[in-house]
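Remarks on the structure that follows.
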Amino acid sequence: MRRSKPQTPFPIRNQLLGGSAEASHRIEGWLFDIDELGPWVTLWVYDDDGRLHRLTDEFYPPVYAHGDRAKLKQLAADMSKRDLITRVRWVQKREFWSGDEIEVIQLNISDSSHLPKLREIAAKLDRDVTFYNIDIPTPQHYLYLTKLFPLCRVKALVDEHGNVIEINVTNSAWEIRRPPPPLRVLRMRGERMRPLTATSRIIIATESDETVLHPAGGAKAINAFNETIERYDPDLILSERGDSVLFPALLQVARHESLQLLLDRDRVITERKIETEGRTYISYGNVIYKPPSYPLFGRWHIDRESSFAHHETGLEGLLEMSMLSRLPVQRAARRSPGTAMTSLQMDRAINDGVLIPWRKNEPEKAKTALQLLTVDKGGLTFQPRIGEYENVAEIDFASMYPTLMITRNISPETVLCSCCRNNAVPEAGYNICEKRRGLIPLTLEPLVERRKVYKRLMKDADERTRAIYGARRAAIKWMLVTAFGYMGYKNSRMGRIEAHETVTAWGRETLLRAKEIAENAGFELLHALTDSLWIKKEGMTEEELLRLCETITCETGIEMSIEGIYHWLVFAPSKVKSTRPVAARFYGVFADGGMKIRGLACRRHDTPQFVKEAQEEMLDVLSKAQNIEELRRRRREARRIYEARLAEIESGQVDPRLLIIEQVLSREVEEYDVETRAALAARQLIDDSVNIHPGEKIGYVITNARAKNKADRVSTSNRNGLVQYDRQEYAAQLKVAAKEVGVIDDDDLSDERGGAGANRLPLFPD
DNA sequence: CATTCGCGGGG
DNA sequence: GTGTACGCGAATG
């Protein structure tokens with residue numbers, strides 16, 4: 001443990017504070033980052049001359065306890081004796097679930113590293129005392145209370161040691177226009193890093209130069225890395241697999257050579273343990289592997305691979321999430337958007353004087369089949385009418401679930417409230433509170449508004465600005481999506497399954513209402529999915545559609561708009577049984593030439609690039625068709641692409657790198673009951689002593705799909721070009737992809753199977 | 001044939 | 001220090 005208070009601010013790039021013994025002075029600039037350091041937080045502030053200051057501010061996180069007064073007094077006395085707290089007082093706060101004002105004792109924790117100990121105490125006192133605000137990450141907690149946020153403008157008064165006397169924020173995270181932060185970015189990527197061999201390389205690139213490191217070369221690589229960091233002094237290290245591969249490798253080498261890797265700016269924190277194991281968890285039903293992480297002190301490290309936010313929305317989106325939610329940038333980068341959403345809620349709650357319930361670590365119990373059936377019906381799904389259609393319109397509700405939560409006041413504490421009797425919720429008949437505005441709606445409303453503002457501004461913006469606003473919109477969208485998702489999660493700090501149920505019940509009702517309105521207006525419904533309708537009407541005009549959308553918007557309170565009018569649209573049948581429709585499998589071309597595709601091979605992550613691109617090329621040809629008659633002509637044209645690609649595969653000359661199938665492992669190798677290709681590939685990697693984990697993505701090439709010796713079926717070798725792929729197997733995959741888009745049909749597949757496509761589908765079933 | 005396993009959204 | 005569900009389709013045995 002490091003308990004010594006830094007005597008002087010760590011000098012960054014020469015003497016930032018002038019070096020001399022000024023008594024106190026002012027700094028004006030912007031907050032770059034915040035870390036936690038025992039009884040302090042470390043604030044990194046860039047002043048307006050571009051100099052970075054490391055400031056410290058004392059912070060004693062306030063936690064609250066409710067219960068028998070005598071017991072609470074005793075608790076405070078005990079904790080005081082053990083120096084766990086610096087301050088005690090009684091305050092009035094509001095309880096989250098009931099909304100009631102209650103008297104609680106406020107305890108200011110003397111050092112944030114004592115919080116785990118406090119949680120232990122809290123767990124023991126569970127029966128008598130209820131604790132609040134005891135599991136809020138300290139930097140966030142500091143930001144909630146000071147109203148600072150990442151990248152905010154600050155004015156600070158600091159003493160000669162860099163300790164904050166006073167600090168104030170002078171702008172809002174919600175301002176739309178803001179200059180991009182002037183960051184020095186170092187990019188970092190590896191080649192042939194797994195397994196680590198003499199040919200492994202790490203490339204680090206500044207804006208002007210590039211350095212190649214050979215980690216197998218030992219000290220030389222470490223020195224070269226350190227030299228670049230010292231010289232360039234990046235604010236952000238943007239890596240490809242830095243968390244999972246590059247930093248662990250470099251740190252291993254550095255330790256072996258007894259050298260220090262100069263990752264952090266902050267020299268107060270020196271030791272850094274080498275983590276080699278990450279963590280596997282389940283999210284949204286998917287197994288996800290989270291590699292060990294290497295956040296840095298005093299600069300940012302973002303691993304594009306392990307950052308959902310950066311991967312999905314880029315730096316602009318990540319910063320939007322971070323600023324709005326007050327989550328430090330590196331944390332926002334490594335956590336799910338749900339963490340940002342929760343942070344935003346906690347911020348709101350704390351600043352409204354609402355206590356945050358402690359989320360205990362109870363593993364979620366498996367639901368029974370019956371529960372799943374009755375509780376989680378989810379969004380409404382129609383069966384489309386199989387076939388090819390012209391002049392179909394798609395109309396969508398905008399942000400349906402978030403808007404429902406806002407307009408219907410759906411929140412864990414408002415659903416099934418004890419004060420109102422209205423049986424407002426369709427199907428379920430639950431009550432919804434009419435007296436108190438829910439925390440979720442309060443948090444969501446400004447986000448939904450902000451997305452609308454961005455959308456409006458994007459219309460007249462230049463291309464660059466449009467890209468930035470688009471990324472920020474995407475970031476907010478993800479926050480909104482998770483707001484719905486975690487409401488149904490039992491372990492959620494402020495979750496309640498009935499709230500989740502309420503949203504989907506109202507969602508179904510709303511979609512059905514839209515269907516009725518459309519049908520009453522003379523439209524024919526072809527398909528509907530959760531918040532979208534596909535409709536058709538002879539001689540339909542755009543004005544008519546706009547009127548319909550307006551009516552639906554008025555009647556439901558949720559904005560309905562035209563997603564587009566298709567020149568043509570195909571609802572493809574099931575591949576298993578060709579008369580059965582499939583809800584999410586269609587492709588079509590909008591009047592503006594754009595395509596909408598769902599459920600086809602090219603959308604899947606486990607389709608090899610070669611097949612993906614071949615299908616995309618075929619679709620590209622089809623997209624030029626203006627109607628169904630032309631579509632048929634274009635299919636014949638696209639067939640030439642199919643044949644050319646097929647010939648390439650059969651020649652055996654395709655680059656095997658284009659044939660790699662990437663899949664995410666769902667479990668440990670030993671746990672596979674079936675020796676799937678993925679399992680075989682994983683086995684190979686382990687035999688090559690590559691450490692892989694459930695939730696990690698692996699890649700392999702099919703070498704001999706039907707080999708007796710299963711080890712020969714796939715190859716994970718990265719000796720590119722030496723792999724001989726299974727031509728028949730890839731030819732078959734290409735055929736399936738071509739058939740999906742109607743470029744070939746059953747007859748074309750029959751040569752191998754010998755069966756004549758007996759049940760071919762009529763193109764117009766009606 | 002039954003069972004196992006991986007994927008989906010968005011842009 | 002997280003956060004649906006469930007249906008489709010391909011592969012295995």
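Residue numbering restarts at 1 in every chain; chains get A, B, ... in the order shown in the structure tokens, and ligands count up from 1 in that same order.
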
Using only C-alpha atoms (C1' of nucleotides), select each residue of chain B with any atom at most 8 Å away from an atom of chain A, and give the selection as a list in words.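 Listed by rising number, the hits are DT4, DC5, DG6, DC7 and DG8 of chain B.
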
Store the residues of this selection in a file with C-alpha atoms (C1' of nucleotides), as a PDB file, in the first residue's frame.
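Heads up, here's the output in part.pdb:
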ATOM      1  C1'  DT B   4     -25.182 -29.041 -29.751  1.00  0.00           C
ATOM      2  C1'  DC B   5     -23.433 -24.627 -30.846  1.00  0.00           C
ATOM      3  C1'  DG B   6     -22.946 -19.890 -32.652  1.00  0.00           C
ATOM      4  C1'  DC B   7     -25.197 -15.930 -34.247  1.00  0.00           C
ATOM      5  C1'  DG B   8     -28.243 -11.915 -34.414  1.00  0.00           C
TER       6       DG B   8
END

Mind listing as a list in words which residues of chain C are within 8 Å of chain A, counting only C-alpha atoms (C1' of nucleotides)?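 Here they are: DT2, DG3, DT4, DA5, DG9, DA11 and DT12 of chain C.
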
Those residues you just picked out, can you put them in a file as an mmCIF file, in the first residue's frame with C-alpha atoms (C1' of nucleotides)?
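As written to disk, again.cif reads:
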data_model
loop_
_atom_site.group_PDB
_atom_site.id
_atom_site.type_symbol
_atom_site.label_atom_id
_atom_site.label_comp_id
_atom_site.auth_asym_id
_atom_site.auth_seq_id
_atom_site.Cartn_x
_atom_site.Cartn_y
_atom_site.Cartn_z
ATOM 1 C "C1'" DT C 2 -22.049 -7.273 -14.832
ATOM 2 C "C1'" DG C 3 -27.140 -6.284 -17.124
ATOM 3 C "C1'" DT C 4 -32.429 -9.897 -22.876
ATOM 4 C "C1'" DA C 5 -34.514 -13.906 -25.191
ATOM 5 C "C1'" DG C 9 -29.313 -22.914 -39.372
ATOM 6 C "C1'" DA C 11 -22.651 -29.306 -37.915
ATOM 7 C "C1'" DT C 12 -21.968 -33.479 -35.234
#

Could you pull out the strand (DSSP E or B) residues of region 241-434 of chain A from DSSP and send them as an MDAnalysis selection string? chainID A and resid 279:283 286:290 300:303 354 357 381 387:397 415 432

I need the residues from that last selection saved to file as a compact mmCIF listing (two decimals), in the first residue's frame (with N, CA and C atoms), if you can.
# COMPACT_ATOMS: atom_id res chain seq x y z
N ARG A 279 -11.09 -12.46 -17.58
CA ARG A 279 -12.29 -12.93 -16.91
C ARG A 279 -13.32 -13.24 -17.99
N THR A 280 -14.06 -14.30 -17.77
CA THR A 280 -15.12 -14.63 -18.71
C THR A 280 -16.45 -14.40 -18.04
N TYR A 281 -17.37 -13.75 -18.71
CA TYR A 281 -18.69 -13.55 -18.13
C TYR A 281 -19.74 -13.60 -19.23
N ILE A 282 -20.99 -13.62 -18.79
CA ILE A 282 -22.08 -13.69 -19.75
C ILE A 282 -22.80 -12.35 -19.82
N SER A 283 -22.98 -11.86 -21.01
CA SER A 283 -23.68 -10.59 -21.19
C SER A 283 -24.66 -10.74 -22.34
N ASN A 286 -24.50 -13.79 -24.29
CA ASN A 286 -23.27 -14.14 -24.98
C ASN A 286 -22.14 -14.31 -23.97
N VAL A 287 -21.26 -15.26 -24.27
CA VAL A 287 -20.08 -15.41 -23.45
C VAL A 287 -19.05 -14.39 -23.94
N ILE A 288 -18.53 -13.63 -23.03
CA ILE A 288 -17.59 -12.59 -23.39
C ILE A 288 -16.32 -12.76 -22.58
N TYR A 289 -15.20 -12.61 -23.23
CA TYR A 289 -13.94 -12.68 -22.53
C TYR A 289 -13.39 -11.28 -22.36
N LYS A 290 -13.09 -10.96 -21.12
CA LYS A 290 -12.51 -9.65 -20.85
C LYS A 290 -11.06 -9.87 -20.48
N TRP A 300 -4.04 7.91 -21.18
CA TRP A 300 -5.06 6.91 -21.47
C TRP A 300 -4.48 5.76 -22.29
N HIS A 301 -4.87 4.58 -21.96
CA HIS A 301 -4.66 3.46 -22.87
C HIS A 301 -6.02 2.91 -23.26
N ILE A 302 -6.29 2.89 -24.54
CA ILE A 302 -7.53 2.30 -25.02
C ILE A 302 -7.19 1.18 -25.99
N ASP A 303 -7.65 0.00 -25.64
CA ASP A 303 -7.47 -1.15 -26.53
C ASP A 303 -8.74 -1.25 -27.37
N VAL A 354 -31.16 11.28 -3.41
CA VAL A 354 -31.70 9.92 -3.31
C VAL A 354 -30.56 8.96 -2.99
N PRO A 357 -29.05 2.21 -3.33
CA PRO A 357 -28.99 0.93 -2.64
C PRO A 357 -27.70 0.19 -2.99
N THR A 381 -43.32 -10.17 -32.66
CA THR A 381 -42.75 -10.60 -33.93
C THR A 381 -43.83 -11.18 -34.81
N GLY A 387 -42.04 -13.83 -50.12
CA GLY A 387 -42.21 -13.41 -51.50
C GLY A 387 -41.42 -12.17 -51.85
N GLU A 388 -41.62 -11.73 -53.09
CA GLU A 388 -40.92 -10.56 -53.59
C GLU A 388 -41.95 -9.47 -53.84
N TYR A 389 -41.68 -8.29 -53.32
CA TYR A 389 -42.68 -7.22 -53.38
C TYR A 389 -42.09 -5.94 -53.95
N GLU A 390 -42.98 -5.15 -54.57
CA GLU A 390 -42.58 -3.84 -55.05
C GLU A 390 -43.29 -2.78 -54.24
N ASN A 391 -42.64 -1.59 -54.16
CA ASN A 391 -43.25 -0.45 -53.48
C ASN A 391 -43.79 -0.74 -52.10
N VAL A 392 -42.92 -1.30 -51.30
CA VAL A 392 -43.25 -1.54 -49.89
C VAL A 392 -42.66 -0.39 -49.08
N ALA A 393 -43.40 0.05 -48.09
CA ALA A 393 -42.86 1.08 -47.20
C ALA A 393 -42.51 0.45 -45.86
N GLU A 394 -41.41 0.91 -45.30
CA GLU A 394 -41.08 0.51 -43.93
C GLU A 394 -41.21 1.74 -43.06
N ILE A 395 -42.01 1.61 -42.00
CA ILE A 395 -42.12 2.71 -41.05
C ILE A 395 -41.70 2.21 -39.67
N ASP A 396 -40.91 3.03 -38.96
CA ASP A 396 -40.34 2.62 -37.67
C ASP A 396 -40.69 3.61 -36.57
N PHE A 397 -40.90 3.09 -35.38
CA PHE A 397 -40.98 3.96 -34.20
C PHE A 397 -39.57 4.38 -33.82
N VAL A 415 -43.12 1.19 -11.05
CA VAL A 415 -43.96 0.05 -11.39
C VAL A 415 -44.36 -0.65 -10.09
N ILE A 432 -48.82 1.88 -12.14
CA ILE A 432 -47.67 2.76 -12.38
C ILE A 432 -47.89 4.03 -11.57

May I have the residues within 10 Å of region 701-704 of chain A as a count of residues only, using only C-alpha atoms (C1' of nucleotides) and disregarding those fewer than 3 positions away in the same chain? 30
